[in-house]
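Read through the structure below, which is laid out as structure tokens, and then see the notes.
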Amino acid sequence: VQLQASGGGLVQAGGSLRVSCAASGLIFSSYNMGWFRQAPGEEREFVSAISWSGGSNGYADSVKGRFTISRDNAKSMVYLQMNSLKPEDTAVYYCAARYRLRMPVRDISTSREAYEYWGQGTQVTVSS
């Protein structure tokens, strides 16, 4: 299984960026997907998640209303559109996958331990 995150970069505060995650080696439509981020010296934290069908999603309070998660099962891709970026959004962004029938079954998971597979991360830097 490979999860390849891309699309990170340097953007000014107030700007937008879309990060993508390409999945391979798994039946993508059977996996709930999540985005996490980790800033230097901080723990990896939940950002957003989307169910296997795309019918459910969830966001951390810190990004609600600014970030939008989506997926394309035909392309085995998950996206995170980030708008109104703030310097505190600066972090390495990771995508993660959780088998949808893993017990306990739930569409949206916010803990790191809930996910089986992780990508390598993409750096997002927001300048003030």
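FYI, nothing fancy with the structure tokens labels: chains A, B, ... in order, residues from 1 per chain, ligands from 1 as they appear.
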Next on the checklist: Using only C-alpha atoms, which protein or nucleic acid residues come within 8 Å of Arg66 in chain A? Drop anything in the same chain fewer than 2 positions from it, and give the result as a list in words.
Outcome noted: Val63, Lys64, Thr68, Met82, Asn83, Ser84 and Leu85 of chain A
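Among the residues of chain A, backbone DSSP assigns helix (DSSP H, G or I) to Phe28, Ser29, Ser30, Pro87, Glu88, Asp89, Arg112, Glu113 and Ala114 of chain A.
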Considering only C-alpha atoms, give me a table of residues in range 46-79 of chain A that are at most 7 Å from range 101-121 of chain A, with the closest atom pair and distance in Å for each, as a Markdown table.
```
| residue | atom | partner | partner_atom | distance |
| --- | --- | --- | --- | --- |
| A:Phe46 | CA | A:Thr110 | CA | 5.6 |
| A:Ala49 | CA | A:Ile108 | CA | 5.9 |
| A:Ile50 | CA | A:Ile108 | CA | 6.3 |
| A:Ser51 | CA | A:Asp107 | CA | 4.9 |
| A:Ser56 | CA | A:Asp107 | CA | 6.9 |
| A:Asn57 | CA | A:Ile108 | CA | 6.6 |
| A:Gly58 | CA | A:Ile108 | CA | 6.6 |
```
Would you output that residue set with N, CA, C and O atoms, as a PDB file, in the first residue's frame?
```pdb
ATOM      1  N   PHE A  46      -5.339  15.566  14.123  1.00  0.00           N
ATOM      2  CA  PHE A  46      -6.398  15.348  13.141  1.00  0.00           C
ATOM      3  C   PHE A  46      -6.789  16.671  12.486  1.00  0.00           C
ATOM      4  O   PHE A  46      -6.903  17.697  13.157  1.00  0.00           O
ATOM      5  N   ALA A  49     -11.511  14.149   7.808  1.00  0.00           N
ATOM      6  CA  ALA A  49     -11.690  12.772   7.375  1.00  0.00           C
ATOM      7  C   ALA A  49     -12.923  12.680   6.490  1.00  0.00           C
ATOM      8  O   ALA A  49     -13.836  13.511   6.575  1.00  0.00           O
ATOM      9  N   ILE A  50     -12.916  11.638   5.645  1.00  0.00           N
ATOM     10  CA  ILE A  50     -14.042  11.417   4.741  1.00  0.00           C
ATOM     11  C   ILE A  50     -14.310   9.928   4.670  1.00  0.00           C
ATOM     12  O   ILE A  50     -13.386   9.112   4.697  1.00  0.00           O
ATOM     13  N   SER A  51     -15.585   9.576   4.611  1.00  0.00           N
ATOM     14  CA  SER A  51     -15.945   8.166   4.576  1.00  0.00           C
ATOM     15  C   SER A  51     -15.638   7.558   3.216  1.00  0.00           C
ATOM     16  O   SER A  51     -15.398   8.262   2.237  1.00  0.00           O
ATOM     17  N   SER A  56     -19.894  11.074   4.175  1.00  0.00           N
ATOM     18  CA  SER A  56     -19.710  11.689   5.493  1.00  0.00           C
ATOM     19  C   SER A  56     -18.322  12.314   5.557  1.00  0.00           C
ATOM     20  O   SER A  56     -17.378  11.801   4.964  1.00  0.00           O
ATOM     21  N   ASN A  57     -18.228  13.402   6.304  1.00  0.00           N
ATOM     22  CA  ASN A  57     -16.913  14.002   6.526  1.00  0.00           C
ATOM     23  C   ASN A  57     -16.891  14.669   7.887  1.00  0.00           C
ATOM     24  O   ASN A  57     -17.918  14.863   8.542  1.00  0.00           O
ATOM     25  N   GLY A  58     -15.687  14.982   8.318  1.00  0.00           N
ATOM     26  CA  GLY A  58     -15.517  15.630   9.615  1.00  0.00           C
ATOM     27  C   GLY A  58     -14.287  16.525   9.591  1.00  0.00           C
ATOM     28  O   GLY A  58     -13.369  16.307   8.789  1.00  0.00           O
TER      29      GLY A  58
END
```
Checklist entry - Hey, can you check how far CA of Ala39 in chain A sits from CA of Gly8 in chain A? => result 13.8 Å
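Non-sequential neighbours of Ile69 in chain A (distance at most 7 Å, separation of 6 or more positions within a chain, only C-alpha atoms) are Ser48, Ile50, Tyr79, Leu80 and Gln81 of chain A.
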Using N, CA and C atoms, can you write the selected residues to a file as a compact mmCIF listing (two decimals), in the first residue's frame?
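As written to disk, again.txt reads:
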```txt
# COMPACT_ATOMS: atom_id res chain seq x y z
N SER A 48 -8.96 16.39 9.08
CA SER A 48 -10.23 16.12 8.41
C SER A 48 -10.29 14.65 8.02
N ILE A 50 -12.92 11.64 5.64
CA ILE A 50 -14.04 11.42 4.74
C ILE A 50 -14.31 9.93 4.67
N TYR A 79 -8.47 14.64 -1.55
CA TYR A 79 -7.98 16.01 -1.63
C TYR A 79 -8.34 16.78 -0.36
N LEU A 80 -7.54 17.80 -0.10
CA LEU A 80 -7.86 18.73 0.97
C LEU A 80 -7.67 20.13 0.42
N GLN A 81 -8.78 20.81 0.20
CA GLN A 81 -8.74 22.20 -0.26
C GLN A 81 -8.66 23.10 0.97
```
Checklist entry - Can you list, as a PyMOL selection string, every protein, DNA or RNA residue that comes within 8 Å of Thr122 in chain A when you count only C-alpha atoms, leaving out same-chain residues fewer than 3 positions away? => result chain A and resi 5-8+19+92-94
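The interatomic distance for the pair CA of Trp52 in chain A and CA of Phe28 in chain A works out to 7.8 Å.
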Next on the checklist: To test your reading of the structure, identify every residue in chain A that backbone DSSP assigns to strand (DSSP E), and report it as a ChimeraX atom specification.
Outcome noted: /A:2-6,9-12,17-24,31-38,45-50,57-59,67-72,77-82,91-99,117-118,122-127
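Across A:Ser20, A:Thr90, A:Gln38, A:Ser30, the tightest approach to Arg71 in chain A is made by A:Ser20 when counting only C-alpha atoms.
Closest to Phe36 in chain A among A:Cys21, A:Cys95, A:Leu10, A:Val126 is A:Cys95, based on only C-alpha atoms.
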Item to check | Counting only C-alpha atoms, the residue of A:Ala22, A:Ser128, A:Val1, A:Gly41 that sits nearest Lys75 in chain A | outcome: A:Ala22
Next on the checklist: One decimal, in Å: what's the spacing between CA of Val11 in chain A and CA of Val124 in chain A?
Outcome noted: 7.9 Å
